[in-house]
Amino acid sequence: MRTKPVAVALLLTLGLATAQRPGTWRCAHLLAEDGRTWRENVVVTTILDSIVSIRPDDGRDVDRDLGEVWVVPGLIDLHTHLLLRPYRERSWSEQVLEDSAELRALRGAGYARDTLCAGFVAIRDLGTEGAGYADVALVRAMDELAARGPRIYPATRAIVRTGWYGPSPDDPSVPKGAQCVATDEEIVAAVREQVAGGAAWIKVYADYRRGADTQASPAFTLSQLELLVGEATRLGRQVAAHATTDEGIRRAVLAGAATIEHGQGATAETLGLMREKGVVLLPCLAANEEIVELRGHTGPVVERLNIARIAMQRALAAGVTVACGSDAGVFRHGANARELELLVAYGMEPVDALAAATSVAARVLGAPDLGVIRPGARCGLVALAGNPLEDIRNLSRVRAVIREGDELERRGR
C-alpha cells in the first residue's frame with residue numbers, strides 16, 4: 001500500500017504581472033470532458049487558476065512540454081483530516097490530549113503540501129479532531145500563499161452526542177475530539193458556532209460507540225438530526241454524517257444529510273433510500289485497511305475489512321452514488337489515491353473510480369468548475385506516468401501537478 005514520498009520541487013509564479021501572463025502546457029494525452037476518452041497532442045492555456053483554451057498542438061513554442069504523460073483533472077478527496085498525524089506514528093488519543101493546536105496546524109501545512117503533490121487539488125476536511133478551528137487557519141494560510149496545498153472545504157470541530165466520543169467519553173473535564181451536544185438548544189448553537197467559525201460543511205456523528213460500549217449505536221433521534229440539518233441548511237451549509245449502523249444511516253438520510261461517511265451497515269432498504277434521495281456514500285476504504293493492518297491480520301478485526309468490501313459491493317449493486325473519501329490522516333497524507341485503488345479492487349470500473357475523485361466529487365461540493373478539463377474550469381492538472389483508465393494504480397505515478405500558476409514536479413517514478 002505504501003510508497004516512499006519522492007522529492008518535490010516547487011516553481012512559483014512571482015508577481016501579479018507575471019502571474020497574469022498566460023501559461024501554455026503541451027499534453028500528449030488529455031482526459032476529455034466525458035471522462036472516458038483522451039484528446040491527443042493538445043496545448044492547454046491557463047491564466048491564474050483558470051483554463052482559457054485547449055487547442056491542437058501546432059508546433060508553436062510552449063512554456064512546458066509535459067512529455068509522454070496522461071493528464072487528468074485535479075483530484076478531489078471528500079474525507080480527510082489534515083490535523084491528524086497518521087496513527088502508526090502517533091495515536092489519536094495522544095494527539096487530542098497532548099499535542100497543541102499550533103503544533104498540529106504546522107504539521108497540517110506539510111500534510112497539505114503532500115496531498116497537493118499527490119494530485120489532490122481540493123479536499124473536504126471533515127473534522128479537526130480536537131484542534132479547534134485550525135483547518136480554517138490552514139485555509140487562510142493557503143489564501144495568503146503562506147502554505148501550499150489543495151483548496152480546503154473545512155468542517156471545523158464536528159458535532160457529537162455528549163458521552164459518545166473520546167478521549168474518556170464519560171469525563172467532561174477531558175478534551176474531546178469533537179464538539180459535544182446533548183440538548184436541542186446545544187445542537188442549534190453548535191451549528192451556528194461552527195458556521196461562524198468558518199465551517200463550509202457541518203459534520204455530525206449520527207452514530208458512534210457510547211461510552212465504554214464496543215458496538216456503535218444511533219447517537220441522535222431523527223428529530224434531532226432534522227433540527228441539525230435544518231439549521232445548517234438555513235445557514236447555507238450541507239451536512240456530512242458519520243454513520244456505520246443501519247439505523248444511524250437511515251436517520252441521517254431521512255434528516256437530509258448530503259453524504260454518508262463509512263456506511264458499512266446499510267441494509268438493502270437503506271441503500272435504496274440513499275439512491276432515491278441522492279445521498280452520496282464515502283466508504284473510507286483506505287482508512288479501514290490501515291486500521292486492520294495496525295491491529296493485526298488475524299482475529300475478529302479482519303472481519304472489519306471484509307464488511308467494508310461486502311458493503312461497498314452491495315452499494316454498487318444498489319446503484320448508490322459513491323465518491324472518493326479516503327479518511328487520510330488515519331493513514332499517510334499523500335497516499336489518498338489508495339482509496340481509488342480499493343474502489344476498483346472491490347468492484348468499481350477504473351473510469352468510474354476516476355470520476356469518483358473528479359466529476360462526482362465536484363458535484364458533491366457544488367463546484368462545476370472542478371473535476372473537469374475544459375475552458376472556464378479551474379486549473380487543476382495532474383500529469384501521470386501511465387493511463388489510469390487501464391490501471392488505476394497509475395494515479396499514484398504523479399509526474400507534475402499544475403494549479404493556480406504553480407507547478408509541482410515529482411520525478412523518479
# chains A, B, ... in the order shown; residues from 1 in each chain; ligands from 1
$ residues_around --residues "range 284-288 of chain A" --least-positions-apart "5" --cutoff "6 Å" --atoms "only C-alpha atoms" --output "short mmCIF file (atom, residue, chain, number, x, y, z; two decimals) with C-alpha atoms, in the first residue's frame"
data_model
loop_
_atom_site.label_atom_id
_atom_site.label_comp_id
_atom_site.auth_asym_id
_atom_site.auth_seq_id
_atom_site.Cartn_x
_atom_site.Cartn_y
_atom_site.Cartn_z
CA HIS A 262 -18.26 4.89 6.06
CA GLY A 325 -13.40 9.87 0.60
CA SER A 326 -10.30 8.20 1.99
CA ASP A 327 -10.14 9.37 5.65
CA VAL A 330 -5.67 7.81 9.72
CA GLU A 339 -8.90 4.81 -1.87
#
$ closest_atom_pairs --of "range 291-380 of chain A" --to "range 192-211 of chain A" --cutoff "12 Å" --atoms "only C-alpha atoms" --output "tab-separated table"
residue	atom	partner	partner_atom	distance
A:Val364	CA	A:Trp201	CA	11.1
A:Leu365	CA	A:Trp201	CA	9.5
A:Gly366	CA	A:Ala200	CA	11.6
$ write_last_selection --atoms "C-alpha atoms" --output "CSV table (one decimal), in the first residue's frame"
chain,number,residue,atom,x,y,z
A,364,VAL,CA,-20.9,17.0,-4.1
A,365,LEU,CA,-19.0,20.2,-3.5
A,366,GLY,CA,-21.3,22.1,-5.8
$ residues_around --residues "range 381-394 of chain A" --least-positions-apart "5" --cutoff "9 Å" --atoms "only C-alpha atoms" --output "PyMOL selection string"
chain A and resi 27+29-30+36+66+68-75+118-121+337-338+340-341+344+349-351+353-354+373+399-403+413
$ residues_around --residues "Ile123 in chain A" --least-positions-apart "2" --cutoff "8 Å" --atoms "only C-alpha atoms" --output "ChimeraX atom specification"
/A:76-80,120-121,125,150-153
$ select_by_dssp --residues "range 65-272 of chain A" --states "helix (DSSP H, G or I)" --output "JSON list (two decimals) with C-alpha atoms, in the first residue's frame"
[["chain", "number", "residue", "atom", "x", "y", "z"],
["A", 92, "TRP", "CA", -5.40, 9.52, 18.06],
["A", 93, "SER", "CA", -5.76, 9.92, 21.83],
["A", 94, "GLU", "CA", -2.20, 11.17, 22.24],
["A", 95, "GLN", "CA", -2.76, 13.80, 19.58],
["A", 96, "VAL", "CA", -6.03, 15.04, 21.09],
["A", 97, "LEU", "CA", -4.75, 15.06, 24.67],
["A", 98, "GLU", "CA", -1.11, 16.11, 24.29],
["A", 101, "ALA", "CA", -3.47, 23.02, 18.00],
["A", 102, "GLU", "CA", -0.49, 25.12, 16.93],
["A", 103, "LEU", "CA", 1.75, 22.08, 16.53],
["A", 104, "ARG", "CA", -0.94, 20.21, 14.67],
["A", 105, "ALA", "CA", -1.53, 23.16, 12.33],
["A", 106, "LEU", "CA", 2.17, 23.25, 11.48],
["A", 107, "ARG", "CA", 2.08, 19.56, 10.68],
["A", 108, "GLY", "CA", -1.12, 20.11, 8.73],
["A", 109, "ALA", "CA", 0.56, 22.62, 6.44],
["A", 110, "GLY", "CA", 3.10, 19.97, 5.49],
["A", 111, "TYR", "CA", 0.39, 17.37, 5.04],
["A", 112, "ALA", "CA", -1.49, 19.77, 2.77],
["A", 113, "ARG", "CA", 1.55, 20.06, 0.52],
["A", 114, "ASP", "CA", 1.92, 16.26, 0.45],
["A", 115, "THR", "CA", -1.73, 15.99, -0.57],
["A", 116, "LEU", "CA", -1.34, 18.52, -3.38],
["A", 117, "CYS", "CA", 1.82, 16.84, -4.64],
["A", 134, "ALA", "CA", -7.15, 25.09, 12.86],
["A", 135, "ASP", "CA", -8.49, 23.92, 9.49],
["A", 136, "VAL", "CA", -9.88, 27.40, 8.89],
["A", 137, "ALA", "CA", -6.44, 28.79, 9.72],
["A", 138, "LEU", "CA", -4.98, 26.49, 7.05],
["A", 139, "VAL", "CA", -7.49, 27.84, 4.53],
["A", 140, "ARG", "CA", -6.32, 31.35, 5.30],
["A", 141, "ALA", "CA", -2.66, 30.31, 5.03],
["A", 142, "MET", "CA", -3.38, 28.90, 1.56],
["A", 143, "ASP", "CA", -5.16, 32.09, 0.55],
["A", 184, "ASP", "CA", -31.79, 20.69, 21.05],
["A", 185, "GLU", "CA", -30.55, 24.13, 22.03],
["A", 186, "GLU", "CA", -26.94, 22.92, 22.11],
["A", 187, "ILE", "CA", -27.33, 21.31, 18.68],
["A", 188, "VAL", "CA", -28.51, 24.56, 17.11],
["A", 189, "ALA", "CA", -25.86, 26.58, 18.96],
["A", 190, "ALA", "CA", -23.07, 24.23, 17.78],
["A", 191, "VAL", "CA", -24.11, 24.55, 14.13],
["A", 192, "ARG", "CA", -24.19, 28.33, 14.44],
["A", 193, "GLU", "CA", -20.82, 28.47, 16.22],
["A", 194, "GLN", "CA", -19.13, 26.31, 13.62],
["A", 195, "VAL", "CA", -20.53, 28.23, 10.67],
["A", 196, "ALA", "CA", -19.49, 31.49, 12.33],
["A", 222, "LEU", "CA", -34.41, 11.56, 13.89],
["A", 223, "SER", "CA", -35.94, 14.83, 15.09],
["A", 224, "GLN", "CA", -32.58, 15.97, 16.48],
["A", 225, "LEU", "CA", -30.83, 15.23, 13.19],
["A", 226, "GLU", "CA", -33.60, 17.06, 11.33],
["A", 227, "LEU", "CA", -33.05, 20.03, 13.62],
["A", 228, "LEU", "CA", -29.31, 19.97, 12.93],
["A", 229, "VAL", "CA", -29.71, 19.64, 9.16],
["A", 230, "GLY", "CA", -32.42, 22.30, 9.14],
["A", 231, "GLU", "CA", -30.21, 24.83, 10.92],
["A", 232, "ALA", "CA", -27.25, 24.01, 8.67],
["A", 233, "THR", "CA", -29.46, 24.42, 5.60],
["A", 234, "ARG", "CA", -30.78, 27.75, 6.87],
["A", 246, "ASP", "CA", -28.21, 0.79, 9.52],
["A", 247, "GLU", "CA", -30.42, 2.87, 11.83],
["A", 248, "GLY", "CA", -27.85, 5.66, 12.10],
["A", 249, "ILE", "CA", -27.54, 5.78, 8.32],
["A", 250, "ARG", "CA", -31.31, 5.66, 7.83],
["A", 251, "ARG", "CA", -31.93, 8.54, 10.24],
["A", 252, "ALA", "CA", -29.20, 10.66, 8.66],
["A", 253, "VAL", "CA", -30.60, 10.08, 5.17],
["A", 254, "LEU", "CA", -34.17, 10.88, 6.24],
["A", 255, "ALA", "CA", -32.94, 14.02, 8.02],
["A", 268, "ALA", "CA", -30.67, -3.06, 1.04],
["A", 269, "GLU", "CA", -33.67, -0.96, 2.08],
["A", 270, "THR", "CA", -31.48, 1.86, 3.40],
["A", 271, "LEU", "CA", -29.26, 1.74, 0.33],
["A", 272, "GLY", "CA", -32.39, 2.09, -1.77]]
$ closest_residue --among "A:Leu342, A:Val320, A:Leu235, A:Ala178" --to "Gly278 in chain A" --atoms "only C-alpha atoms"
A:Val320
$ residues_around --residues "Ala258 in chain A" --least-positions-apart "4" --cutoff "7 Å" --atoms "only C-alpha atoms" --output "list in words"
Gln238, Val239, Ala240, Val279 and Val280 of chain A
$ write_last_selection --atoms "C-alpha atoms" --output "PDB file, in the first residue's frame"
ATOM      1  CA  GLN A 238     -24.742  20.858   3.883  1.00  0.00           C
ATOM      2  CA  VAL A 239     -24.257  18.015   6.330  1.00  0.00           C
ATOM      3  CA  ALA A 240     -21.881  15.049   6.223  1.00  0.00           C
ATOM      4  CA  VAL A 279     -27.261  10.728  -0.869  1.00  0.00           C
ATOM      5  CA  VAL A 280     -23.620  10.011  -1.703  1.00  0.00           C
TER       6      VAL A 280
END
$ residues_around --residues "range 50-53 of chain A" --least-positions-apart "5" --cutoff "12 Å" --atoms "only C-alpha atoms" --output "ChimeraX atom specification"
/A:19-25,42-45,73,369-370,372-381,402-405
$ closest_residue --among "A:Asp57, A:Asp63, A:Asp99, A:Asp49" --to "Glu129 in chain A" --atoms "only C-alpha atoms"
A:Asp99
$ atom_distance --atom1 "CA of Gln179 in chain A" --atom2 "CA of His242 in chain A"
14.1 Å
